[in-house]
Amino acid sequence: MLLNLLGSLAALVGFFLLTPASENQLLFGLSRVRLGLVILVAAIAFVSALLLTLVKNSTVTLFKKRVEDLFRKKLFIRLILLATALLFFGSVALVLLALTNIGAYNSLIPSLLSRAGPFVFVTAFVSWSVLLWMRKVTSSLSIHYMPFSPTIWRALLFAVASVIALLAFTYYDKQDWSRGLSHTSLIFLLPALIYAINAIGDLLIRSKTAAEKWQRIMTALLLAAITFSIIRLTGYTMYRVTTAPKSYWDLLADAFLHGRIYLINPPSNHDLTLYKGNWFVPNPPLPSLLLIPYIALFGLKAVNMTVFSALLAAVNTMLVFLTLEKAASNGMISSGRKTNLWVTIVFTFATDHFWLATTGQMWFVSQLSAFLFCVLACLVMLAGKSAWLSGMMLGLAMLARPNVFPLAVFLLGIALWRHNREGLPEKWQLGLILKKGIALAVLMVVSGFALLWYNHARFDNWLDFGYVAINGAPWILESVQRYGMFHPHFIPINLDVMFLRLPKLDLSGMRFFYQPGISGTSIFVMTPPLLMLFKPAKPALWRWSAWLSIALTTLLLLADNVGKKPGLIFRILTILGILINWISIYWWYLGRV
């Protein structure tokens with residue numbers, strides 16, 4: 001009530017600070033409409049003050065029985081809940097729309113807020129506090145029927161918010177003709193649908209084991225859906241919603257289907273290699289292999305590489321969460337569900353994964369594809385499945401980025417950890433290493449030979465990946481041609497970029513100037529939670545193997561260091577990492593232009 005009173009008083013002040021109406025002034029420079037809104041806000045302030053006084057004098061208990069009787073009327077409470085949620089999310093949507101550039105296309109929303117902005121503010125504020133109050137009261141009354149089961153409550157609010165967000169976005173998108181986002185209903189409503197299914201499952205499933213498994217699966221699916229939505233909306237914000245000229249993987253997949261390994265008349269030749277009059281994609285071909293079934297069924301024109309990129313990011317997010325959950329349930333790491341969720345958020349939105357997922361271009365899709373099969377290899381080994389299957393996943397990852405092969409060290413570390421946990425004799429360890437190692441090595445070697453054959457088919461040279469003659473940035477090409485692909489010359493440069501390079505930051509002028517730079521920025525700047533990796537932890541064989549193959553396993557180390565629940569410092573570092581990555585994405589697409 002105190003917050004409602006303060007919010008109402010602030011809104012009253014806001015009304016009198018607005019530009020007076022030039023016409024139809026009735027009182028104090030207010031038109032009839034504004035005066036009516038002022039009276040309504042003043043009434044809200046009066047009621048809030050009255051209720052606050054009653055609570056202070058302990059006389060509010062006189063109304064408790066009446067309140068309880070009202071709250072036991074299911075239809076009444078459902079209607080109040082729905083109306084309050086609509087008021088809150090509708091008011092928030094109006095404010096968010098006003099913060100966009102919609103005024104350049106349609107003056108309706110800015111004009112509305114210029115006349116009734118304080119009322120919209122107090123509506124959002126009061127409806128939010130009512131929602132919180134209703135939740136608290138119903139919880140104290142131990143009312144468990146719908147919609148007061150906690151998961152049903154959240155699912156209903158989520159659904160209302162999603163529908164209003166969809167309507168607001170659709171309205172904006174129709175005003176701004178400079179871009180268009182397809183499948184908007186899927187983007188906004190799929191997470192709400194998954195959440196609703198999860199809530200219904202919670203009510204129906206009685207077995208504790210089944211309920212835990214259900215929660216894990218539905219949480220993973222919800223994370224994937226939310227990730228897809230955020231990536232697509234971020235791409236929309238940055239004007240990246242369709243296939244970019246430098247995507248190539250869809251064109252190469254179509255070429256494979258037509259019996260070619262080169263591109264004909266590509267829309268761009270940047271980052272391609274010219275050999276014997278044909279343009280080749282130098283990177284290994286895994287992303288194109290993944291696209292072949294879709295293009296075979298629906299055709300090349302049906303492919304949108306930014307959608308494909310967002311889908312890869314969504315699957316990666318889901319698999320990271322499941323990997324952390326599996327490691328925690330096995331006892332390999334000490335993290336709880338909340339920590340696993342936060343570490344998954346760190347991976348998805350507080351690392352370069354966020355940026356990679358928005359582009360849909362060649363190099364970036366390769367990274368996403370490689371990570372997908374790396375995390376699958378890890379999950380398979382954690383689950384105690386065949387090392388041959390894990391090796392196959394790692395071999396497929398090499399068909400996108402061959403340099404991921406050191407992950408095999410960590411996979412062996414997982415196998416040894418499981419061996420020790422199950423109490424098998426130590427004399428079996430050497431045999432286990434040989435057995436698992438052979439399974440991993442054979443499939444990695446198969447992938448290696450496949451890549452060498454692919455090189456020979458393209459460039460008549462088993463060892464030529466086409467990078468030396470790539471049509472790329474002159475400063476990169478010059479260094480590669482001078483030193484080769486693997487040379488000590490690059491070690492200090494890469495170490496500087498990966499760990500020490502800071503972004504340019506200037507707050508002295510009228511504008512906020514932030515430039516992460518083309519070459520990159522320190523991982524500890526882009527992902528501040530990684531600083532917690534250096535927190536002292538109990539030695540373990542799997543941890544040593546993880547440090548030896550750090551590419552994927554940073555996330556498991558981080559989850560283990562954070563512990564059962566994420567602390568305040570970790571949450572602050574995560575939010576900071578998300579902010580830094582989002583600003584960097586903005587700089588990449590818009591700021592530097």
# chains A, B, ... in the order shown; residues from 1 in each chain; ligands from 1
$ select_by_dssp --residues "region 287-348 of chain A" --states "alpha helix (DSSP H)" --output "ChimeraX atom specification"
/A:287-298,305-329,337-348
$ write_last_selection --atoms "C-alpha atoms" --output "PDB file, in the first residue's frame"
ATOM      1  CA  PRO A 287      26.652 -27.270 -41.421  1.00  0.00           C
ATOM      2  CA  SER A 288      25.828 -28.054 -45.051  1.00  0.00           C
ATOM      3  CA  LEU A 289      25.434 -31.740 -44.228  1.00  0.00           C
ATOM      4  CA  LEU A 290      22.902 -30.774 -41.543  1.00  0.00           C
ATOM      5  CA  LEU A 291      20.955 -28.653 -44.036  1.00  0.00           C
ATOM      6  CA  ILE A 292      20.785 -31.246 -46.828  1.00  0.00           C
ATOM      7  CA  PRO A 293      17.577 -33.039 -45.632  1.00  0.00           C
ATOM      8  CA  TYR A 294      15.675 -29.760 -45.242  1.00  0.00           C
ATOM      9  CA  ILE A 295      16.752 -28.391 -48.632  1.00  0.00           C
ATOM     10  CA  ALA A 296      15.995 -31.742 -50.297  1.00  0.00           C
ATOM     11  CA  LEU A 297      12.427 -31.557 -48.960  1.00  0.00           C
ATOM     12  CA  PHE A 298      11.612 -27.845 -49.215  1.00  0.00           C
ATOM     13  CA  MET A 305      20.184 -19.029 -42.244  1.00  0.00           C
ATOM     14  CA  THR A 306      19.413 -16.704 -39.325  1.00  0.00           C
ATOM     15  CA  VAL A 307      16.609 -19.090 -38.321  1.00  0.00           C
ATOM     16  CA  PHE A 308      18.959 -22.072 -38.691  1.00  0.00           C
ATOM     17  CA  SER A 309      21.538 -20.288 -36.558  1.00  0.00           C
ATOM     18  CA  ALA A 310      18.954 -19.515 -33.858  1.00  0.00           C
ATOM     19  CA  LEU A 311      17.810 -23.155 -33.881  1.00  0.00           C
ATOM     20  CA  LEU A 312      21.397 -24.339 -33.360  1.00  0.00           C
ATOM     21  CA  ALA A 313      21.723 -21.909 -30.451  1.00  0.00           C
ATOM     22  CA  ALA A 314      18.463 -23.163 -28.936  1.00  0.00           C
ATOM     23  CA  VAL A 315      19.569 -26.810 -29.147  1.00  0.00           C
ATOM     24  CA  ASN A 316      22.983 -25.909 -27.715  1.00  0.00           C
ATOM     25  CA  THR A 317      21.319 -24.211 -24.748  1.00  0.00           C
ATOM     26  CA  MET A 318      19.105 -27.225 -24.091  1.00  0.00           C
ATOM     27  CA  LEU A 319      22.035 -29.646 -24.283  1.00  0.00           C
ATOM     28  CA  VAL A 320      24.225 -27.545 -21.988  1.00  0.00           C
ATOM     29  CA  PHE A 321      21.502 -27.557 -19.340  1.00  0.00           C
ATOM     30  CA  LEU A 322      20.974 -31.320 -19.674  1.00  0.00           C
ATOM     31  CA  THR A 323      24.744 -31.892 -19.449  1.00  0.00           C
ATOM     32  CA  LEU A 324      24.978 -29.867 -16.245  1.00  0.00           C
ATOM     33  CA  GLU A 325      21.957 -31.679 -14.817  1.00  0.00           C
ATOM     34  CA  LYS A 326      23.411 -35.086 -15.687  1.00  0.00           C
ATOM     35  CA  ALA A 327      26.773 -34.188 -14.146  1.00  0.00           C
ATOM     36  CA  ALA A 328      25.035 -32.942 -10.992  1.00  0.00           C
ATOM     37  CA  SER A 329      22.763 -35.987 -10.684  1.00  0.00           C
ATOM     38  CA  ARG A 337      19.132 -26.793 -10.327  1.00  0.00           C
ATOM     39  CA  LYS A 338      19.328 -23.001  -9.857  1.00  0.00           C
ATOM     40  CA  THR A 339      23.081 -22.959 -10.431  1.00  0.00           C
ATOM     41  CA  ASN A 340      22.685 -25.078 -13.549  1.00  0.00           C
ATOM     42  CA  LEU A 341      20.092 -22.639 -14.870  1.00  0.00           C
ATOM     43  CA  TRP A 342      22.334 -19.647 -14.201  1.00  0.00           C
ATOM     44  CA  VAL A 343      25.389 -21.283 -15.767  1.00  0.00           C
ATOM     45  CA  THR A 344      23.273 -22.152 -18.822  1.00  0.00           C
ATOM     46  CA  ILE A 345      22.277 -18.473 -19.046  1.00  0.00           C
ATOM     47  CA  VAL A 346      25.958 -17.540 -18.793  1.00  0.00           C
ATOM     48  CA  PHE A 347      26.749 -19.813 -21.732  1.00  0.00           C
ATOM     49  CA  THR A 348      23.862 -18.640 -23.901  1.00  0.00           C
TER      50      THR A 348
END
$ residues_around --residues "Gly413 (chain A)" --least-positions-apart "6" --cutoff "10 Å" --atoms "only C-alpha atoms" --output "PDB file with N, CA and C atoms, in the first residue's frame"
ATOM      1  N   MET A 381      28.922 -39.472 -22.872  1.00  0.00           N
ATOM      2  CA  MET A 381      29.890 -40.079 -21.967  1.00  0.00           C
ATOM      3  C   MET A 381      29.433 -39.964 -20.514  1.00  0.00           C
ATOM      4  N   LEU A 407      39.164 -32.254 -26.925  1.00  0.00           N
ATOM      5  CA  LEU A 407      38.061 -32.612 -26.036  1.00  0.00           C
ATOM      6  C   LEU A 407      38.099 -34.094 -25.665  1.00  0.00           C
ATOM      7  N   HIS A 419      34.529 -44.761 -13.723  1.00  0.00           N
ATOM      8  CA  HIS A 419      35.202 -46.004 -13.321  1.00  0.00           C
ATOM      9  C   HIS A 419      35.488 -45.987 -11.819  1.00  0.00           C
ATOM     10  N   ILE A 433      41.240 -47.039 -20.175  1.00  0.00           N
ATOM     11  CA  ILE A 433      41.775 -45.936 -20.984  1.00  0.00           C
ATOM     12  C   ILE A 433      42.008 -46.400 -22.413  1.00  0.00           C
ATOM     13  N   ALA A 540      40.149 -33.188  -8.494  1.00  0.00           N
ATOM     14  CA  ALA A 540      39.474 -34.373  -9.029  1.00  0.00           C
ATOM     15  C   ALA A 540      40.037 -34.661 -10.405  1.00  0.00           C
ATOM     16  N   LEU A 541      40.053 -35.937 -10.745  1.00  0.00           N
ATOM     17  CA  LEU A 541      40.620 -36.341 -12.030  1.00  0.00           C
ATOM     18  C   LEU A 541      39.910 -35.668 -13.199  1.00  0.00           C
ATOM     19  N   TRP A 542      38.571 -35.622 -13.120  1.00  0.00           N
ATOM     20  CA  TRP A 542      37.830 -35.019 -14.228  1.00  0.00           C
ATOM     21  C   TRP A 542      38.143 -33.543 -14.358  1.00  0.00           C
ATOM     22  N   ARG A 543      38.454 -32.865 -13.230  1.00  0.00           N
ATOM     23  CA  ARG A 543      38.783 -31.433 -13.300  1.00  0.00           C
ATOM     24  C   ARG A 543      40.101 -31.232 -14.044  1.00  0.00           C
ATOM     25  N   TRP A 544      41.093 -32.077 -13.783  1.00  0.00           N
ATOM     26  CA  TRP A 544      42.364 -31.958 -14.497  1.00  0.00           C
ATOM     27  C   TRP A 544      42.171 -32.186 -15.987  1.00  0.00           C
ATOM     28  N   SER A 545      41.358 -33.198 -16.322  1.00  0.00           N
ATOM     29  CA  SER A 545      41.123 -33.455 -17.739  1.00  0.00           C
ATOM     30  C   SER A 545      40.335 -32.304 -18.380  1.00  0.00           C
ATOM     31  N   ALA A 546      39.477 -31.665 -17.567  1.00  0.00           N
ATOM     32  CA  ALA A 546      38.700 -30.540 -18.096  1.00  0.00           C
ATOM     33  C   ALA A 546      39.606 -29.364 -18.430  1.00  0.00           C
ATOM     34  N   LEU A 548      42.592 -29.540 -19.292  1.00  0.00           N
ATOM     35  CA  LEU A 548      43.390 -29.882 -20.465  1.00  0.00           C
ATOM     36  C   LEU A 548      42.608 -29.738 -21.765  1.00  0.00           C
TER      37      LEU A 548
END
$ residues_around --residues "region 382-386 of chain A" --least-positions-apart "5" --cutoff "10 Å" --atoms "only C-alpha atoms" --output "JSON, numbers by chain"
{"A": [323, 324, 326, 327, 330, 332, 376, 377, 391, 392, 411, 414, 415, 417, 418, 419, 436, 439]}
$ closest_residue --among "A:Ser549, A:Met238, A:Phe570, A:Arg260" --to "Ile583 (chain A)" --atoms "only C-alpha atoms"
A:Met238
$ residues_around --residues "His489 (chain A)" --least-positions-apart "6" --cutoff "12 Å" --atoms "only C-alpha atoms" --output "PyMOL selection string"
chain A and resi 479-480+482-483+495
$ write_last_selection --atoms "C-alpha atoms" --output "CSV table (one decimal), in the first residue's frame"
chain,number,residue,atom,x,y,z
A,479,SER,CA,50.0,-13.0,-42.0
A,480,VAL,CA,48.7,-16.5,-43.0
A,482,ARG,CA,53.8,-15.2,-44.5
A,483,TYR,CA,53.8,-17.5,-41.5
A,495,LEU,CA,46.9,-14.8,-25.9
$ residues_around --residues "region 84-87 of chain A" --least-positions-apart "2" --cutoff "10 Å" --atoms "only C-alpha atoms" --output "mmCIF file with all heavy atoms, in the first residue's frame"
data_model
loop_
_atom_site.group_PDB
_atom_site.id
_atom_site.type_symbol
_atom_site.label_atom_id
_atom_site.label_comp_id
_atom_site.auth_asym_id
_atom_site.auth_seq_id
_atom_site.Cartn_x
_atom_site.Cartn_y
_atom_site.Cartn_z
ATOM 1 N N ARG A 78 -10.591 -15.661 -10.591
ATOM 2 C CA ARG A 78 -10.052 -15.830 -11.941
ATOM 3 C C ARG A 78 -10.222 -14.550 -12.759
ATOM 4 O O ARG A 78 -9.324 -14.129 -13.486
ATOM 5 C CB ARG A 78 -10.738 -17.002 -12.638
ATOM 6 C CG ARG A 78 -10.300 -18.374 -12.133
ATOM 7 C CD ARG A 78 -10.816 -19.453 -13.068
ATOM 8 N NE ARG A 78 -10.390 -20.775 -12.622
ATOM 9 C CZ ARG A 78 -11.195 -21.680 -12.096
ATOM 10 N NH1 ARG A 78 -12.477 -21.401 -11.944
ATOM 11 N NH2 ARG A 78 -10.742 -22.859 -11.742
ATOM 12 N N LEU A 79 -11.400 -13.936 -12.636
ATOM 13 C CA LEU A 79 -11.661 -12.704 -13.387
ATOM 14 C C LEU A 79 -10.768 -11.563 -12.905
ATOM 15 O O LEU A 79 -10.220 -10.796 -13.707
ATOM 16 C CB LEU A 79 -13.136 -12.317 -13.253
ATOM 17 C CG LEU A 79 -14.139 -13.264 -13.939
ATOM 18 C CD1 LEU A 79 -15.570 -12.836 -13.633
ATOM 19 C CD2 LEU A 79 -13.897 -13.296 -15.440
ATOM 20 N N ILE A 80 -10.606 -11.446 -11.594
ATOM 21 C CA ILE A 80 -9.742 -10.393 -11.044
ATOM 22 C C ILE A 80 -8.299 -10.608 -11.481
ATOM 23 O O ILE A 80 -7.591 -9.665 -11.869
ATOM 24 C CB ILE A 80 -9.830 -10.369 -9.500
ATOM 25 C CG1 ILE A 80 -11.214 -9.909 -9.066
ATOM 26 C CG2 ILE A 80 -8.761 -9.459 -8.910
ATOM 27 C CD1 ILE A 80 -11.537 -8.473 -9.444
ATOM 28 N N LEU A 81 -7.859 -11.854 -11.412
ATOM 29 C CA LEU A 81 -6.482 -12.176 -11.810
ATOM 30 C C LEU A 81 -6.247 -11.814 -13.276
ATOM 31 O O LEU A 81 -5.263 -11.165 -13.627
ATOM 32 C CB LEU A 81 -6.212 -13.664 -11.594
ATOM 33 C CG LEU A 81 -4.888 -14.200 -12.150
ATOM 34 C CD1 LEU A 81 -3.712 -13.578 -11.449
ATOM 35 C CD2 LEU A 81 -4.843 -15.714 -12.049
ATOM 36 N N LEU A 82 -7.177 -12.221 -14.145
ATOM 37 C CA LEU A 82 -7.031 -11.964 -15.570
ATOM 38 C C LEU A 82 -7.042 -10.463 -15.864
ATOM 39 O O LEU A 82 -6.209 -9.961 -16.621
ATOM 40 C CB LEU A 82 -8.150 -12.665 -16.334
ATOM 41 C CG LEU A 82 -8.127 -12.514 -17.859
ATOM 42 C CD1 LEU A 82 -6.833 -13.100 -18.424
ATOM 43 C CD2 LEU A 82 -9.336 -13.200 -18.483
ATOM 44 N N PHE A 89 0.445 -5.981 -17.908
ATOM 45 C CA PHE A 89 1.230 -6.238 -19.121
ATOM 46 C C PHE A 89 0.859 -5.284 -20.253
ATOM 47 O O PHE A 89 1.709 -4.914 -21.056
ATOM 48 C CB PHE A 89 1.070 -7.692 -19.549
ATOM 49 C CG PHE A 89 1.670 -8.679 -18.587
ATOM 50 C CD1 PHE A 89 0.873 -9.613 -17.941
ATOM 51 C CD2 PHE A 89 3.028 -8.664 -18.315
ATOM 52 C CE1 PHE A 89 1.425 -10.513 -17.041
ATOM 53 C CE2 PHE A 89 3.592 -9.567 -17.424
ATOM 54 C CZ PHE A 89 2.785 -10.491 -16.783
ATOM 55 N N GLY A 90 -0.412 -4.880 -20.315
ATOM 56 C CA GLY A 90 -0.801 -3.909 -21.328
ATOM 57 C C GLY A 90 -0.125 -2.571 -21.101
ATOM 58 O O GLY A 90 0.347 -1.925 -22.056
ATOM 59 N N SER A 91 -0.052 -2.117 -19.851
ATOM 60 C CA SER A 91 0.614 -0.847 -19.535
ATOM 61 C C SER A 91 2.099 -0.917 -19.846
ATOM 62 O O SER A 91 2.675 0.019 -20.420
ATOM 63 C CB SER A 91 0.413 -0.509 -18.052
ATOM 64 O OG SER A 91 -0.956 -0.442 -17.731
ATOM 65 N N VAL A 92 2.723 -2.030 -19.472
ATOM 66 C CA VAL A 92 4.150 -2.203 -19.756
ATOM 67 C C VAL A 92 4.400 -2.197 -21.264
ATOM 68 O O VAL A 92 5.367 -1.602 -21.754
ATOM 69 C CB VAL A 92 4.676 -3.499 -19.117
ATOM 70 C CG1 VAL A 92 6.092 -3.795 -19.582
ATOM 71 C CG2 VAL A 92 4.632 -3.401 -17.601
ATOM 72 N N ALA A 93 3.517 -2.871 -22.028
ATOM 73 C CA ALA A 93 3.668 -2.912 -23.484
ATOM 74 C C ALA A 93 3.584 -1.514 -24.088
ATOM 75 O O ALA A 93 4.345 -1.174 -25.002
ATOM 76 C CB ALA A 93 2.600 -3.816 -24.092
ATOM 77 N N VAL A 120 -0.875 5.696 -17.069
ATOM 78 C CA VAL A 120 -0.362 4.393 -17.505
ATOM 79 C C VAL A 120 0.653 3.878 -16.497
ATOM 80 O O VAL A 120 0.664 2.692 -16.140
ATOM 81 C CB VAL A 120 0.274 4.505 -18.911
ATOM 82 C CG1 VAL A 120 0.950 3.190 -19.300
ATOM 83 C CG2 VAL A 120 -0.780 4.873 -19.951
ATOM 84 N N THR A 123 -1.111 2.718 -13.368
ATOM 85 C CA THR A 123 -1.841 1.474 -13.660
ATOM 86 C C THR A 123 -0.907 0.270 -13.599
ATOM 87 O O THR A 123 -1.238 -0.762 -13.002
ATOM 88 C CB THR A 123 -2.497 1.556 -15.050
ATOM 89 O OG1 THR A 123 -3.409 2.654 -15.085
ATOM 90 C CG2 THR A 123 -3.234 0.272 -15.382
ATOM 91 N N ALA A 124 0.253 0.415 -14.228
ATOM 92 C CA ALA A 124 1.231 -0.671 -14.192
ATOM 93 C C ALA A 124 1.694 -0.932 -12.766
ATOM 94 O O ALA A 124 1.806 -2.090 -12.332
ATOM 95 C CB ALA A 124 2.421 -0.331 -15.086
ATOM 96 N N PHE A 125 1.939 0.123 -12.042
ATOM 97 C CA PHE A 125 2.480 -0.003 -10.692
ATOM 98 C C PHE A 125 1.469 -0.663 -9.756
ATOM 99 O O PHE A 125 1.788 -1.611 -9.025
ATOM 100 C CB PHE A 125 2.852 1.387 -10.178
ATOM 101 C CG PHE A 125 3.830 1.378 -9.044
ATOM 102 C CD1 PHE A 125 5.187 1.256 -9.290
ATOM 103 C CD2 PHE A 125 3.391 1.465 -7.734
ATOM 104 C CE1 PHE A 125 6.098 1.238 -8.248
ATOM 105 C CE2 PHE A 125 4.294 1.446 -6.688
ATOM 106 C CZ PHE A 125 5.652 1.333 -6.942
ATOM 107 N N VAL A 126 0.222 -0.179 -9.802
ATOM 108 C CA VAL A 126 -0.801 -0.707 -8.897
ATOM 109 C C VAL A 126 -1.161 -2.143 -9.263
ATOM 110 O O VAL A 126 -1.298 -3.005 -8.384
ATOM 111 C CB VAL A 126 -2.049 0.193 -8.934
ATOM 112 C CG1 VAL A 126 -3.198 -0.453 -8.177
ATOM 113 C CG2 VAL A 126 -1.735 1.561 -8.338
ATOM 114 N N SER A 127 -1.322 -2.426 -10.559
ATOM 115 C CA SER A 127 -1.677 -3.791 -10.962
ATOM 116 C C SER A 127 -0.574 -4.782 -10.603
ATOM 117 O O SER A 127 -0.850 -5.924 -10.210
ATOM 118 C CB SER A 127 -1.970 -3.841 -12.459
ATOM 119 O OG SER A 127 -0.881 -3.343 -13.214
ATOM 120 N N TRP A 128 0.679 -4.346 -10.712
ATOM 121 C CA TRP A 128 1.792 -5.216 -10.305
ATOM 122 C C TRP A 128 1.716 -5.529 -8.815
ATOM 123 O O TRP A 128 1.875 -6.674 -8.395
ATOM 124 C CB TRP A 128 3.107 -4.522 -10.652
ATOM 125 C CG TRP A 128 4.324 -5.217 -10.113
ATOM 126 C CD1 TRP A 128 4.839 -6.418 -10.490
ATOM 127 C CD2 TRP A 128 5.187 -4.734 -9.071
ATOM 128 N NE1 TRP A 128 5.971 -6.722 -9.763
ATOM 129 C CE2 TRP A 128 6.207 -5.707 -8.889
ATOM 130 C CE3 TRP A 128 5.203 -3.584 -8.289
ATOM 131 C CZ2 TRP A 128 7.211 -5.544 -7.946
ATOM 132 C CZ3 TRP A 128 6.211 -3.427 -7.351
ATOM 133 C CH2 TRP A 128 7.201 -4.406 -7.184
ATOM 134 N N SER A 129 1.478 -4.512 -8.005
ATOM 135 C CA SER A 129 1.415 -4.747 -6.558
ATOM 136 C C SER A 129 0.206 -5.610 -6.193
ATOM 137 O O SER A 129 0.272 -6.436 -5.275
ATOM 138 C CB SER A 129 1.351 -3.416 -5.810
ATOM 139 O OG SER A 129 0.186 -2.698 -6.162
ATOM 140 N N VAL A 130 -0.913 -5.452 -6.920
ATOM 141 C CA VAL A 130 -2.088 -6.285 -6.666
ATOM 142 C C VAL A 130 -1.794 -7.744 -6.986
ATOM 143 O O VAL A 130 -2.189 -8.655 -6.246
ATOM 144 C CB VAL A 130 -3.291 -5.775 -7.485
ATOM 145 C CG1 VAL A 130 -4.442 -6.780 -7.424
ATOM 146 C CG2 VAL A 130 -3.752 -4.430 -6.955
ATOM 147 N N LEU A 131 -1.077 -7.990 -8.099
ATOM 148 C CA LEU A 131 -0.711 -9.361 -8.440
ATOM 149 C C LEU A 131 0.135 -9.996 -7.341
ATOM 150 O O LEU A 131 -0.083 -11.146 -6.942
ATOM 151 C CB LEU A 131 0.047 -9.386 -9.770
ATOM 152 C CG LEU A 131 -0.771 -9.168 -11.042
ATOM 153 C CD1 LEU A 131 0.154 -9.028 -12.249
ATOM 154 C CD2 LEU A 131 -1.744 -10.306 -11.257
ATOM 155 N N LEU A 156 -0.189 -19.018 -16.268
ATOM 156 C CA LEU A 156 -1.252 -18.124 -16.714
ATOM 157 C C LEU A 156 -0.713 -16.716 -16.956
ATOM 158 O O LEU A 156 -0.992 -16.087 -17.974
ATOM 159 C CB LEU A 156 -2.376 -18.102 -15.674
ATOM 160 C CG LEU A 156 -3.568 -17.209 -15.996
ATOM 161 C CD1 LEU A 156 -4.223 -17.626 -17.302
ATOM 162 C CD2 LEU A 156 -4.591 -17.240 -14.859
ATOM 163 N N LEU A 157 0.072 -16.225 -16.024
ATOM 164 C CA LEU A 157 0.660 -14.895 -16.187
ATOM 165 C C LEU A 157 1.605 -14.854 -17.390
ATOM 166 O O LEU A 157 1.640 -13.869 -18.142
ATOM 167 C CB LEU A 157 1.416 -14.487 -14.924
ATOM 168 C CG LEU A 157 0.571 -14.277 -13.666
ATOM 169 C CD1 LEU A 157 1.450 -13.783 -12.527
ATOM 170 C CD2 LEU A 157 -0.563 -13.297 -13.922
ATOM 171 N N PHE A 158 2.371 -15.916 -17.560
ATOM 172 C CA PHE A 158 3.297 -15.999 -18.696
ATOM 173 C C PHE A 158 2.519 -15.968 -20.012
ATOM 174 O O PHE A 158 2.905 -15.307 -20.974
ATOM 175 C CB PHE A 158 4.124 -17.279 -18.580
ATOM 176 C CG PHE A 158 5.319 -17.330 -19.491
ATOM 177 C CD1 PHE A 158 5.739 -16.217 -20.201
ATOM 178 C CD2 PHE A 158 6.031 -18.511 -19.649
ATOM 179 C CE1 PHE A 158 6.844 -16.265 -21.034
ATOM 180 C CE2 PHE A 158 7.137 -18.578 -20.485
ATOM 181 C CZ PHE A 158 7.536 -17.446 -21.185
ATOM 182 N N VAL A 160 -0.532 -14.685 -20.556
ATOM 183 C CA VAL A 160 -1.087 -13.337 -20.767
ATOM 184 C C VAL A 160 -0.002 -12.388 -21.271
ATOM 185 O O VAL A 160 -0.211 -11.624 -22.228
ATOM 186 C CB VAL A 160 -1.710 -12.811 -19.457
ATOM 187 C CG1 VAL A 160 -2.111 -11.342 -19.613
ATOM 188 C CG2 VAL A 160 -2.918 -13.640 -19.073
ATOM 189 N N ALA A 161 1.175 -12.447 -20.638
ATOM 190 C CA ALA A 161 2.284 -11.584 -21.059
ATOM 191 C C ALA A 161 2.696 -11.889 -22.495
ATOM 192 O O ALA A 161 2.981 -10.968 -23.283
ATOM 193 C CB ALA A 161 3.475 -11.768 -20.117
ATOM 194 N N VAL A 163 0.882 -13.181 -25.002
ATOM 195 C CA VAL A 163 -0.126 -12.727 -25.965
ATOM 196 C C VAL A 163 -0.053 -11.215 -26.155
ATOM 197 O O VAL A 163 -0.091 -10.704 -27.291
ATOM 198 C CB VAL A 163 -1.535 -13.150 -25.508
ATOM 199 C CG1 VAL A 163 -2.601 -12.493 -26.383
ATOM 200 C CG2 VAL A 163 -1.677 -14.663 -25.557
ATOM 201 N N ILE A 164 0.074 -10.489 -25.054
ATOM 202 C CA ILE A 164 0.160 -9.023 -25.161
ATOM 203 C C ILE A 164 1.443 -8.611 -25.875
ATOM 204 O O ILE A 164 1.451 -7.692 -26.705
ATOM 205 C CB ILE A 164 0.072 -8.386 -23.762
ATOM 206 C CG1 ILE A 164 -1.328 -8.586 -23.190
ATOM 207 C CG2 ILE A 164 0.421 -6.899 -23.820
ATOM 208 C CD1 ILE A 164 -1.521 -8.055 -21.795
#
$ atom_distance --atom1 "CA of Pro492 (chain A)" --atom2 "CA of Leu533 (chain A)"
22.6 Å
$ closest_residue --among "A:Ala387, A:Ile230, A:Ile476, A:Leu432" --to "Asn420 (chain A)" --atoms "only C-alpha atoms"
A:Leu432
$ atom_distance --atom1 "CA of Leu394 (chain A)" --atom2 "CA of Phe373 (chain A)"
6.1 Å
$ residues_around --residues "region 105-115 of chain A" --least-positions-apart "4" --cutoff "8 Å" --atoms "only C-alpha atoms" --output "PyMOL selection string"
chain A and resi 18+34+94-95+97-98+101+120+175-176
